[in-house]
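Right, one structure below, let's go through it.
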Amino acid sequence: MPTLILLPDVIYSQVDFDPVRIRNSNQMEGRRTETEISGTPYWTGRFSAEKLTTREAALFDAFAMDALDGDVIAGYDAHRPRPIAYQGSQPLSGVKAGGGAFNGDAVLQSIGDSRTITVSGLPAGFQLSRGDYVEIRKSVLKRSLHLIRADAVANAGGIVTLSIRFGLDLQNFTLPCTAHFEKAACIMEIDAGSYSLPKSWPNYTASFSLTEVFPA
């Protein structure tokens, strides 16, 4: 089983974090278009960090060594690590509606269908916006990352129903599962040949790309 590692904790100057949906369209006679969608959607990411100190550059070299040796990465959108309503440099915090500290972790309470889920264990009035991320986690290495399709607010009991895309894989994600809103991530591998960190004084620039994998 591969080891899970984290992205280096630095400020990234550029992040491209996008879902990929395999589709083919063919133009037919009579103004008809046939579109075929196949496979499981997955995420890709491209990251760049500039003006790194020597210490930060060393962190990237250690990260790349582990990643290129087979470790997998909890990859997330480093420019939007938490819901839009709570953007800033501080991690999510607060008190759950039912009591206890809140750090962005919650519970997947129910699954309506592949695109509708209900989450509990949130603070009352917790705000989620169209385009926010939610991670559904079955185990450490089995995670599913989704975008929220419509604004939603947790009720007084800390429960919210969310519309998500792409649909949740109901064969692999059955209750119990957890839901995560702080650095919502999927499991990724570094793309071969993508890592670059030229040693140039006085600052360094690191870049690499990642692709989602399904190790478990």
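Chains: A, B, ... in order of the structure tokens. Residues: from 1 per chain. Ligands: from 1, in order shown.
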Exercise for review: Among the residues of stretch 87-163 of chain A, find those DSSP assigns to strand (DSSP E or B) from the backbone and print them as a ChimeraX atom specification.
Suggested key: /A:95,101,105-113,116-120,127-128,133-139,142-148,152-153,160-163
Point to revise | DSSP helix (DSSP H, G or I) residues within stretch 34-209 of chain A, as a list in words | key: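 Of stretch 34-209 of chain A, only Thr54, Arg55, Glu56, Ala57, Ala58, Leu59, Phe60, Asp61, Ala62, Phe63, Ala64, Met65, Asp66, Ala67, Leu68, Ile84, Ala85 and Tyr86 of chain A fall in helix (DSSP H, G or I).
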Kindly save the residues from that selection, with N, CA and C atoms included, as a tab-separated table (two decimals), in the first residue's frame.
```tsv
chain	number	residue	atom	x	y	z
A	54	THR	N	15.82	28.77	0.40
A	54	THR	CA	16.59	27.52	0.31
A	54	THR	C	15.91	26.43	1.11
A	55	ARG	N	15.37	26.76	2.26
A	55	ARG	CA	14.67	25.77	3.08
A	55	ARG	C	13.41	25.26	2.38
A	56	GLU	N	12.65	26.15	1.77
A	56	GLU	CA	11.44	25.72	1.06
A	56	GLU	C	11.80	24.87	-0.15
A	57	ALA	N	12.87	25.24	-0.85
A	57	ALA	CA	13.31	24.44	-1.99
A	57	ALA	C	13.68	23.02	-1.56
A	58	ALA	N	14.30	22.90	-0.40
A	58	ALA	CA	14.65	21.58	0.12
A	58	ALA	C	13.40	20.76	0.41
A	59	LEU	N	12.33	21.42	0.89
A	59	LEU	CA	11.07	20.72	1.14
A	59	LEU	C	10.52	20.14	-0.16
A	60	PHE	N	10.62	20.91	-1.25
A	60	PHE	CA	10.13	20.42	-2.53
A	60	PHE	C	10.96	19.25	-3.04
A	61	ASP	N	12.26	19.32	-2.88
A	61	ASP	CA	13.09	18.20	-3.33
A	61	ASP	C	12.76	16.92	-2.57
A	62	ALA	N	12.53	17.04	-1.26
A	62	ALA	CA	12.16	15.86	-0.47
A	62	ALA	C	10.78	15.35	-0.88
A	63	PHE	N	9.86	16.26	-1.13
A	63	PHE	CA	8.52	15.89	-1.59
A	63	PHE	C	8.61	15.14	-2.91
A	64	ALA	N	9.37	15.66	-3.87
A	64	ALA	CA	9.49	15.03	-5.18
A	64	ALA	C	10.14	13.66	-5.07
A	65	MET	N	11.13	13.52	-4.20
A	65	MET	CA	11.79	12.22	-4.05
A	65	MET	C	10.79	11.17	-3.58
A	66	ASP	N	9.96	11.52	-2.59
A	66	ASP	CA	8.95	10.58	-2.11
A	66	ASP	C	7.91	10.30	-3.19
A	67	ALA	N	7.43	11.36	-3.86
A	67	ALA	CA	6.37	11.19	-4.86
A	67	ALA	C	6.85	10.36	-6.05
A	68	LEU	N	8.07	10.58	-6.48
A	68	LEU	CA	8.60	9.84	-7.63
A	68	LEU	C	8.98	8.41	-7.26
A	84	ILE	N	-15.64	29.32	0.03
A	84	ILE	CA	-15.44	30.72	-0.33
A	84	ILE	C	-15.81	31.66	0.81
A	85	ALA	N	-16.86	31.33	1.55
A	85	ALA	CA	-17.31	32.19	2.65
A	85	ALA	C	-16.28	32.28	3.78
A	86	TYR	N	-15.31	31.37	3.80
A	86	TYR	CA	-14.33	31.33	4.89
A	86	TYR	C	-12.90	31.40	4.37
```
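Within 12 Å of A:Gly157, once only C-alpha atoms are used and residues closer than 5 positions along the same chain are dropped, the contacting residues are Val95, Lys96, Ala97, Gly98, Gly99, Val119, Ser120, Gly121, Leu122, Pro123, Ala124, Gly125 and Phe126 of chain A.
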Export of the given selection (N, CA, C and O atoms) as an mmCIF file, in the first residue's frame:
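And here is the file that came out, selection37.cif:
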```cif
data_model
loop_
_atom_site.group_PDB
_atom_site.id
_atom_site.type_symbol
_atom_site.label_atom_id
_atom_site.label_comp_id
_atom_site.auth_asym_id
_atom_site.auth_seq_id
_atom_site.Cartn_x
_atom_site.Cartn_y
_atom_site.Cartn_z
ATOM 1 N N VAL A 95 -17.643 25.848 16.351
ATOM 2 C CA VAL A 95 -18.285 24.853 17.203
ATOM 3 C C VAL A 95 -19.408 24.181 16.417
ATOM 4 O O VAL A 95 -20.230 24.859 15.789
ATOM 5 N N LYS A 96 -19.449 22.863 16.438
ATOM 6 C CA LYS A 96 -20.513 22.134 15.769
ATOM 7 C C LYS A 96 -21.858 22.415 16.446
ATOM 8 O O LYS A 96 -21.907 22.691 17.646
ATOM 9 N N ALA A 97 -22.932 22.333 15.674
ATOM 10 C CA ALA A 97 -24.260 22.589 16.221
ATOM 11 C C ALA A 97 -24.580 21.640 17.371
ATOM 12 O O ALA A 97 -25.247 22.008 18.333
ATOM 13 N N GLY A 98 -24.073 20.417 17.307
ATOM 14 C CA GLY A 98 -24.324 19.448 18.362
ATOM 15 C C GLY A 98 -23.287 19.461 19.462
ATOM 16 O O GLY A 98 -23.332 18.626 20.371
ATOM 17 N N GLY A 99 -22.330 20.407 19.385
ATOM 18 C CA GLY A 99 -21.270 20.502 20.380
ATOM 19 C C GLY A 99 -19.972 19.901 19.872
ATOM 20 O O GLY A 99 -19.975 18.995 19.039
ATOM 21 N N VAL A 119 -25.073 16.146 4.624
ATOM 22 C CA VAL A 119 -23.915 16.167 5.520
ATOM 23 C C VAL A 119 -24.344 16.708 6.869
ATOM 24 O O VAL A 119 -25.095 17.698 6.947
ATOM 25 N N SER A 120 -23.873 16.089 7.947
ATOM 26 C CA SER A 120 -24.174 16.551 9.307
ATOM 27 C C SER A 120 -22.863 16.820 10.046
ATOM 28 O O SER A 120 -21.770 16.543 9.536
ATOM 29 N N GLY A 121 -22.991 17.353 11.270
ATOM 30 C CA GLY A 121 -21.804 17.647 12.063
ATOM 31 C C GLY A 121 -21.164 18.978 11.738
ATOM 32 O O GLY A 121 -19.963 19.175 11.962
ATOM 33 N N LEU A 122 -21.969 19.927 11.223
ATOM 34 C CA LEU A 122 -21.474 21.260 10.866
ATOM 35 C C LEU A 122 -21.934 22.288 11.896
ATOM 36 O O LEU A 122 -22.883 22.045 12.651
ATOM 37 N N PRO A 123 -21.301 23.449 11.927
ATOM 38 C CA PRO A 123 -21.843 24.544 12.738
ATOM 39 C C PRO A 123 -23.187 25.009 12.166
ATOM 40 O O PRO A 123 -23.409 24.947 10.953
ATOM 41 N N ALA A 124 -24.065 25.471 13.021
ATOM 42 C CA ALA A 124 -25.326 26.036 12.545
ATOM 43 C C ALA A 124 -25.039 27.234 11.637
ATOM 44 O O ALA A 124 -24.185 28.069 11.939
ATOM 45 N N GLY A 125 -25.728 27.300 10.498
ATOM 46 C CA GLY A 125 -25.537 28.407 9.577
ATOM 47 C C GLY A 125 -24.280 28.322 8.731
ATOM 48 O O GLY A 125 -23.930 29.295 8.050
ATOM 49 N N PHE A 126 -23.595 27.188 8.718
ATOM 50 C CA PHE A 126 -22.372 27.038 7.911
ATOM 51 C C PHE A 126 -22.720 27.229 6.438
ATOM 52 O O PHE A 126 -23.628 26.604 5.906
#
```
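Near A:Phe214, within 8 Å and counting only C-alpha atoms, sit Leu141, Lys142 and Ile187 of chain A, not including residues fewer than 4 positions from it in the same chain.
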Go ahead and save the residues from that selection, with N, CA, C and O atoms, as a PDB file, in the first residue's frame.
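Result file follows (result_10.pdb):
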```
ATOM      1  N   LEU A 141      -7.074   6.203   1.779  1.00  0.00           N
ATOM      2  CA  LEU A 141      -6.698   6.199   0.370  1.00  0.00           C
ATOM      3  C   LEU A 141      -7.889   6.073  -0.571  1.00  0.00           C
ATOM      4  O   LEU A 141      -7.708   5.891  -1.776  1.00  0.00           O
ATOM      5  N   LYS A 142      -9.096   6.158  -0.052  1.00  0.00           N
ATOM      6  CA  LYS A 142     -10.282   6.114  -0.912  1.00  0.00           C
ATOM      7  C   LYS A 142     -11.079   7.396  -0.682  1.00  0.00           C
ATOM      8  O   LYS A 142     -11.830   7.524   0.281  1.00  0.00           O
ATOM      9  N   ILE A 187      -6.810  11.596  -4.118  1.00  0.00           N
ATOM     10  CA  ILE A 187      -5.517  10.916  -4.120  1.00  0.00           C
ATOM     11  C   ILE A 187      -4.881  11.065  -5.498  1.00  0.00           C
ATOM     12  O   ILE A 187      -5.491  10.716  -6.514  1.00  0.00           O
TER      13      ILE A 187
END
```
Taking 2 positions as the minimum chain separation for residues in the same chain, which residues sit within 12 Å of A:Gly193 when counting only C-alpha atoms? Answer as a tab-separated table (two decimals) with N, CA and C atoms, in the first residue's frame.
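Wrote it out as selection-v3.tsv, contents follow:
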```tsv
chain	number	residue	atom	x	y	z
A	64	ALA	N	9.37	15.66	-3.87
A	64	ALA	CA	9.49	15.03	-5.18
A	64	ALA	C	10.14	13.66	-5.07
A	67	ALA	N	7.43	11.36	-3.86
A	67	ALA	CA	6.37	11.19	-4.86
A	67	ALA	C	6.85	10.36	-6.05
A	68	LEU	N	8.07	10.58	-6.48
A	68	LEU	CA	8.60	9.84	-7.63
A	68	LEU	C	8.98	8.41	-7.26
A	189	GLU	N	-1.06	11.20	-8.06
A	189	GLU	CA	0.34	10.85	-8.28
A	189	GLU	C	1.00	11.97	-9.07
A	190	ILE	N	2.30	12.15	-8.87
A	190	ILE	CA	3.04	13.15	-9.65
A	190	ILE	C	3.24	12.61	-11.05
A	191	ASP	N	3.06	13.46	-12.05
A	191	ASP	CA	3.25	13.05	-13.44
A	191	ASP	C	4.74	12.92	-13.74
A	195	TYR	N	8.29	17.35	-12.70
A	195	TYR	CA	8.89	18.11	-11.60
A	195	TYR	C	10.09	18.91	-12.07
A	196	SER	N	10.13	20.19	-11.68
A	196	SER	CA	11.24	21.06	-12.04
A	196	SER	C	11.54	22.00	-10.89
A	197	LEU	N	12.82	22.09	-10.54
A	197	LEU	CA	13.25	23.06	-9.54
A	197	LEU	C	14.70	23.44	-9.84
A	207	SER	N	7.90	23.61	-9.88
A	207	SER	CA	6.66	23.32	-10.60
A	207	SER	C	6.53	21.82	-10.80
A	208	PHE	N	5.28	21.36	-10.85
A	208	PHE	CA	5.00	19.95	-11.08
A	208	PHE	C	3.53	19.80	-11.41
A	209	SER	N	3.15	18.63	-11.91
A	209	SER	CA	1.74	18.35	-12.18
A	209	SER	C	1.36	17.01	-11.57
A	210	LEU	N	0.05	16.88	-11.27
A	210	LEU	CA	-0.48	15.69	-10.62
A	210	LEU	C	-1.70	15.19	-11.37
```
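Omitting A:Pro83 and its sequence neighbours fewer than 3 positions away, and counting only C-alpha atoms, the residues within 8 Å are Arg80, Tyr86, Gln87, Gln127, Leu128, Ser129, Asp132, Tyr133, Phe181 and Glu182 of chain A.
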Practice item. Extract, using only C-alpha atoms, all DNA, RNA and protein residues at most 7 Å from stretch 173-177 of chain A, discarding same-chain residues fewer than 4 positions from it, and format them as a list in words. Key: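 Listing them by chain and then by number gives Val107, Leu108, Ile136, Arg137, Lys138 and Asp169 of chain A.
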For the selection you just gave me, I'd like the residues written to a file as a PDB file, in the first residue's frame, keeping all heavy atoms.
```
ATOM      1  N   VAL A 107     -19.729  14.581   8.737  1.00  0.00           N
ATOM      2  CA  VAL A 107     -20.210  13.215   8.527  1.00  0.00           C
ATOM      3  C   VAL A 107     -21.128  13.179   7.318  1.00  0.00           C
ATOM      4  O   VAL A 107     -22.003  14.050   7.161  1.00  0.00           O
ATOM      5  CB  VAL A 107     -20.963  12.701   9.773  1.00  0.00           C
ATOM      6  CG1 VAL A 107     -21.544  11.315   9.517  1.00  0.00           C
ATOM      7  CG2 VAL A 107     -20.045  12.673  10.984  1.00  0.00           C
ATOM      8  N   LEU A 108     -20.924  12.196   6.450  1.00  0.00           N
ATOM      9  CA  LEU A 108     -21.870  11.975   5.355  1.00  0.00           C
ATOM     10  C   LEU A 108     -23.067  11.239   5.956  1.00  0.00           C
ATOM     11  O   LEU A 108     -23.004  10.046   6.239  1.00  0.00           O
ATOM     12  CB  LEU A 108     -21.224  11.156   4.245  1.00  0.00           C
ATOM     13  CG  LEU A 108     -22.104  10.883   3.017  1.00  0.00           C
ATOM     14  CD1 LEU A 108     -22.524  12.188   2.349  1.00  0.00           C
ATOM     15  CD2 LEU A 108     -21.399   9.984   2.028  1.00  0.00           C
ATOM     16  N   ILE A 136     -15.488  13.437  -0.091  1.00  0.00           N
ATOM     17  CA  ILE A 136     -16.115  12.291   0.562  1.00  0.00           C
ATOM     18  C   ILE A 136     -15.034  11.233   0.766  1.00  0.00           C
ATOM     19  O   ILE A 136     -14.366  10.840  -0.188  1.00  0.00           O
ATOM     20  CB  ILE A 136     -17.269  11.725  -0.280  1.00  0.00           C
ATOM     21  CG1 ILE A 136     -18.284  12.827  -0.595  1.00  0.00           C
ATOM     22  CG2 ILE A 136     -17.932  10.561   0.442  1.00  0.00           C
ATOM     23  CD1 ILE A 136     -18.873  13.510   0.616  1.00  0.00           C
ATOM     24  N   ARG A 137     -14.878  10.799   2.012  1.00  0.00           N
ATOM     25  CA  ARG A 137     -13.778   9.892   2.350  1.00  0.00           C
ATOM     26  C   ARG A 137     -14.305   8.589   2.947  1.00  0.00           C
ATOM     27  O   ARG A 137     -15.012   8.591   3.945  1.00  0.00           O
ATOM     28  CB  ARG A 137     -12.826  10.565   3.339  1.00  0.00           C
ATOM     29  CG  ARG A 137     -11.556   9.768   3.626  1.00  0.00           C
ATOM     30  CD  ARG A 137     -10.694  10.468   4.672  1.00  0.00           C
ATOM     31  NE  ARG A 137     -10.366  11.847   4.291  1.00  0.00           N
ATOM     32  CZ  ARG A 137      -9.681  12.678   5.075  1.00  0.00           C
ATOM     33  NH1 ARG A 137      -9.300  12.262   6.296  1.00  0.00           N
ATOM     34  NH2 ARG A 137      -9.417  13.905   4.659  1.00  0.00           N
ATOM     35  N   LYS A 138     -13.958   7.488   2.286  1.00  0.00           N
ATOM     36  CA  LYS A 138     -14.290   6.160   2.792  1.00  0.00           C
ATOM     37  C   LYS A 138     -13.167   5.620   3.666  1.00  0.00           C
ATOM     38  O   LYS A 138     -13.403   4.955   4.671  1.00  0.00           O
ATOM     39  CB  LYS A 138     -14.557   5.209   1.626  1.00  0.00           C
ATOM     40  CG  LYS A 138     -14.994   3.811   2.030  1.00  0.00           C
ATOM     41  CD  LYS A 138     -16.367   3.818   2.675  1.00  0.00           C
ATOM     42  CE  LYS A 138     -16.851   2.416   2.978  1.00  0.00           C
ATOM     43  NZ  LYS A 138     -18.171   2.398   3.642  1.00  0.00           N
ATOM     44  N   ASP A 169     -19.547   7.815  -6.879  1.00  0.00           N
ATOM     45  CA  ASP A 169     -19.520   6.409  -7.286  1.00  0.00           C
ATOM     46  C   ASP A 169     -20.153   5.576  -6.175  1.00  0.00           C
ATOM     47  O   ASP A 169     -19.522   5.285  -5.159  1.00  0.00           O
ATOM     48  CB  ASP A 169     -18.068   5.972  -7.534  1.00  0.00           C
ATOM     49  CG  ASP A 169     -17.957   4.524  -7.994  1.00  0.00           C
ATOM     50  OD1 ASP A 169     -18.958   3.785  -7.923  1.00  0.00           O
ATOM     51  OD2 ASP A 169     -16.850   4.130  -8.406  1.00  0.00           O
TER      52      ASP A 169
END
```
Review point. For A:Asp105, which residue out of A:Ala74, A:Leu92, A:Ile22, A:Ala179 is the nearest one, using only C-alpha atoms?
Key: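 Closest candidate: A:Ala179.
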Check your understanding: Between A:Asn203, A:Thr211, A:Ser48, A:Thr116, which has the minimum distance to A:Leu147 (counting only C-alpha atoms)?
Key ->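 Once distances to A:Leu147 are computed over only C-alpha atoms, the minimum belongs to A:Thr116.
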Counting only C-alpha atoms, which residues of stretch 150-206 of chain A fall within 10 Å of stretch 2-14 of chain A, and what is the closest atom pair for each with its distance in Å at one decimal, ordered by chain and rising number, as JSON lines?
```
{"residue": "A:Ile187", "atom": "CA", "partner": "A:Leu4", "partner_atom": "CA", "distance": 8.2}
{"residue": "A:Met188", "atom": "CA", "partner": "A:Leu4", "partner_atom": "CA", "distance": 9.4}
{"residue": "A:Thr205", "atom": "CA", "partner": "A:Ser13", "partner_atom": "CA", "distance": 9.6}
{"residue": "A:Ala206", "atom": "CA", "partner": "A:Tyr12", "partner_atom": "CA", "distance": 9.3}
```
